[in-house]
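Below is one structure, written out as structure tokens, with a few remarks after it.
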Amino acid sequence: MPRTLVRFARVAAACIGLAMIVGYVGNSLTLESAALGSFALAVTLLLAVPDQRSSELLAAAAIWLTTGEFLTAVHDGHFAVWRWLVAIATVGMVLVSLKVQYLRMLARSNPYRTIGDLDRRARSTGVLPLGAATAAGARSFDPAGQSRREGSSPAA
């Protein structure tokens, strides 16, 4: 059942997060263990919170890993740059694989249209600016079917 998988992933993400904290505090994380821990944390976070956007979850994981490294640097006086880079790169590779999967899905849906036409997020989030004609039409729209530029009021 998906609900059981989500519950298991939440417990696993908390345990992995706790293990990473202990590794950072004890300064016992090697490059390999930081990479494995950040990969496991990224995957379990994606499974634990299926309603959240993957890029937001992975950004939060990257921020958390950076915070852990800075707290270790405050405690020990040494910032392990390579360990931090390996952990962030591992989370980044998880994100890249998700974005490649999304582009593959778009390409399979209609291979003869451009990615910009297929990607509904570009239009729905307001990333692309409106053209002058579209903006003017949006300002003069009246649900009753009358134009406001003609001097009629919407209540009439």
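In the structure tokens, chains take letters A, B, ... by order of appearance, with residues numbered from 1 within each chain and ligands from 1 in the order shown.
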Residue contacts of segment 6-23 of chain A (9 Å, only C-alpha atoms) excluding same-chain residues fewer than 6 positions away, as a PDB file with C-alpha atoms, in the first residue's frame:
ATOM      1  CA  LEU A  29      31.519  11.354   7.984  1.00  0.00           C
ATOM      2  CA  THR A  30      33.895  10.449   5.178  1.00  0.00           C
ATOM      3  CA  SER A  33      29.463   8.106   3.860  1.00  0.00           C
ATOM      4  CA  ALA A  34      28.397  11.700   3.165  1.00  0.00           C
ATOM      5  CA  GLY A  37      23.827   9.471   3.455  1.00  0.00           C
ATOM      6  CA  SER A  38      22.773  12.387   1.268  1.00  0.00           C
ATOM      7  CA  ALA A  40      19.559   7.961   1.004  1.00  0.00           C
ATOM      8  CA  LEU A  41      18.177  11.124   2.584  1.00  0.00           C
ATOM      9  CA  ALA A  42      17.145  12.530  -0.812  1.00  0.00           C
ATOM     10  CA  VAL A  43      15.409   9.328  -1.929  1.00  0.00           C
ATOM     11  CA  THR A  44      13.588   8.768   1.349  1.00  0.00           C
ATOM     12  CA  LEU A  45      12.469  12.407   1.456  1.00  0.00           C
ATOM     13  CA  LEU A  46      10.993  12.052  -2.028  1.00  0.00           C
ATOM     14  CA  LEU A  47       9.111   8.951  -0.895  1.00  0.00           C
ATOM     15  CA  ALA A  48       8.124  10.391   2.492  1.00  0.00           C
ATOM     16  CA  VAL A  49       6.388  13.514   1.191  1.00  0.00           C
ATOM     17  CA  PRO A  50       4.761  12.661  -2.156  1.00  0.00           C
ATOM     18  CA  LEU A  65      23.349  19.467   4.626  1.00  0.00           C
ATOM     19  CA  GLY A  68      25.141  20.685   9.206  1.00  0.00           C
TER      20      GLY A  68
END
List the neighbours of Met93 of chain A out to 12 Å using only C-alpha atoms; skip same-chain residues closer than 3 positions along the sequence, and give me the result as a list in words.
Ala35, Ser38, Phe39, Ala42, Val43, Ser55, Leu58, Ala62, Leu85, Val86, Ala87, Ile88, Ala89, Thr90, Val96, Ser97, Leu98, Lys99 and Val100 of chain A
With N, CA and C atoms retained, write the just-selected residues as a compact mmCIF listing (two decimals), in the first residue's frame.
# COMPACT_ATOMS: atom_id res chain seq x y z
N ALA A 35 28.21 10.97 0.85
CA ALA A 35 27.50 10.75 -0.41
C ALA A 35 26.37 9.75 -0.23
N SER A 38 23.57 11.37 1.95
CA SER A 38 22.77 12.39 1.27
C SER A 38 21.90 11.76 0.18
N PHE A 39 22.40 10.70 -0.49
CA PHE A 39 21.57 10.02 -1.47
C PHE A 39 20.38 9.33 -0.80
N ALA A 42 17.91 11.96 0.31
CA ALA A 42 17.14 12.53 -0.81
C ALA A 42 16.05 11.58 -1.28
N VAL A 43 16.39 10.31 -1.43
CA VAL A 43 15.41 9.33 -1.93
C VAL A 43 14.29 9.11 -0.92
N SER A 55 11.82 19.33 -6.39
CA SER A 55 12.90 20.32 -6.35
C SER A 55 12.91 21.07 -5.02
N LEU A 58 14.42 18.59 -2.37
CA LEU A 58 15.86 18.42 -2.52
C LEU A 58 16.61 19.70 -2.19
N ALA A 62 19.51 20.03 0.61
CA ALA A 62 20.80 20.69 0.37
C ALA A 62 21.06 21.77 1.41
N LEU A 85 30.84 19.42 -0.82
CA LEU A 85 30.62 19.36 -2.26
C LEU A 85 30.10 18.01 -2.72
N VAL A 86 30.63 16.95 -2.13
CA VAL A 86 30.16 15.61 -2.50
C VAL A 86 28.69 15.43 -2.09
N ALA A 87 28.32 15.88 -0.91
CA ALA A 87 26.93 15.74 -0.46
C ALA A 87 25.97 16.55 -1.33
N ILE A 88 26.35 17.78 -1.65
CA ILE A 88 25.49 18.63 -2.48
C ILE A 88 25.41 18.09 -3.91
N ALA A 89 26.54 17.62 -4.44
CA ALA A 89 26.54 17.05 -5.80
C ALA A 89 25.67 15.79 -5.86
N THR A 90 25.65 15.01 -4.82
CA THR A 90 24.82 13.81 -4.79
C THR A 90 23.34 14.18 -4.84
N VAL A 96 18.80 16.06 -11.02
CA VAL A 96 19.00 15.98 -12.47
C VAL A 96 18.29 14.77 -13.04
N SER A 97 18.37 13.64 -12.37
CA SER A 97 17.69 12.45 -12.89
C SER A 97 16.18 12.63 -12.91
N LEU A 98 15.63 13.35 -11.94
CA LEU A 98 14.18 13.62 -11.94
C LEU A 98 13.80 14.55 -13.08
N LYS A 99 14.62 15.55 -13.36
CA LYS A 99 14.33 16.48 -14.45
C LYS A 99 14.45 15.80 -15.81
N VAL A 100 15.42 14.90 -15.95
CA VAL A 100 15.55 14.14 -17.20
C VAL A 100 14.32 13.26 -17.39
Using backbone DSSP assignments, extract all helix (DSSP H, G or I) residues from segment 33-83 of chain A; output them as JSON, numbers by chain.
{"A": [33, 34, 35, 36, 37, 38, 39, 40, 41, 42, 43, 44, 45, 46, 47, 48, 54, 55, 56, 57, 58, 59, 60, 61, 62, 63, 64, 65, 66, 67, 68, 69, 70, 71, 72, 73, 74, 75, 76, 81, 82, 83]}
I need the residues from that last selection saved to file as an mmCIF file, in the first residue's frame (with C-alpha atoms), if you can.
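Saved result, out_29.cif, follows:
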data_model
loop_
_atom_site.group_PDB
_atom_site.id
_atom_site.type_symbol
_atom_site.label_atom_id
_atom_site.label_comp_id
_atom_site.auth_asym_id
_atom_site.auth_seq_id
_atom_site.Cartn_x
_atom_site.Cartn_y
_atom_site.Cartn_z
ATOM 1 C CA SER A 33 29.463 8.106 3.860
ATOM 2 C CA ALA A 34 28.397 11.700 3.165
ATOM 3 C CA ALA A 35 27.499 10.753 -0.411
ATOM 4 C CA LEU A 36 25.614 7.625 0.669
ATOM 5 C CA GLY A 37 23.827 9.471 3.455
ATOM 6 C CA SER A 38 22.773 12.387 1.268
ATOM 7 C CA PHE A 39 21.572 10.017 -1.475
ATOM 8 C CA ALA A 40 19.559 7.961 1.004
ATOM 9 C CA LEU A 41 18.177 11.124 2.584
ATOM 10 C CA ALA A 42 17.145 12.530 -0.812
ATOM 11 C CA VAL A 43 15.409 9.328 -1.929
ATOM 12 C CA THR A 44 13.588 8.768 1.349
ATOM 13 C CA LEU A 45 12.469 12.407 1.456
ATOM 14 C CA LEU A 46 10.993 12.052 -2.028
ATOM 15 C CA LEU A 47 9.111 8.951 -0.895
ATOM 16 C CA ALA A 48 8.124 10.391 2.492
ATOM 17 C CA SER A 54 10.732 17.282 -5.655
ATOM 18 C CA SER A 55 12.895 20.317 -6.353
ATOM 19 C CA GLU A 56 11.692 21.973 -3.132
ATOM 20 C CA LEU A 57 12.400 18.846 -1.073
ATOM 21 C CA LEU A 58 15.856 18.419 -2.524
ATOM 22 C CA ALA A 59 16.635 22.110 -2.021
ATOM 23 C CA ALA A 60 15.633 21.733 1.617
ATOM 24 C CA ALA A 61 17.916 18.704 1.898
ATOM 25 C CA ALA A 62 20.797 20.693 0.372
ATOM 26 C CA ILE A 63 20.174 23.547 2.804
ATOM 27 C CA TRP A 64 20.059 21.094 5.698
ATOM 28 C CA LEU A 65 23.349 19.467 4.626
ATOM 29 C CA THR A 66 24.968 22.895 4.284
ATOM 30 C CA THR A 67 23.731 23.890 7.730
ATOM 31 C CA GLY A 68 25.141 20.685 9.206
ATOM 32 C CA GLU A 69 28.508 21.380 7.615
ATOM 33 C CA PHE A 70 28.549 24.962 8.897
ATOM 34 C CA LEU A 71 27.613 23.842 12.408
ATOM 35 C CA THR A 72 30.472 21.349 12.300
ATOM 36 C CA ALA A 73 32.787 24.143 11.148
ATOM 37 C CA VAL A 74 31.680 26.309 14.070
ATOM 38 C CA HIS A 75 32.275 23.425 16.486
ATOM 39 C CA ASP A 76 35.613 22.188 15.081
ATOM 40 C CA VAL A 81 34.722 21.573 1.618
ATOM 41 C CA TRP A 82 35.075 18.288 -0.242
ATOM 42 C CA ARG A 83 32.612 16.495 2.003
#
What gap, in Å, lies between atom CA of Leu95 of chain A and atom CA of Val25 of chain A?
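Computing it gives 26.6 Å between the two atoms.
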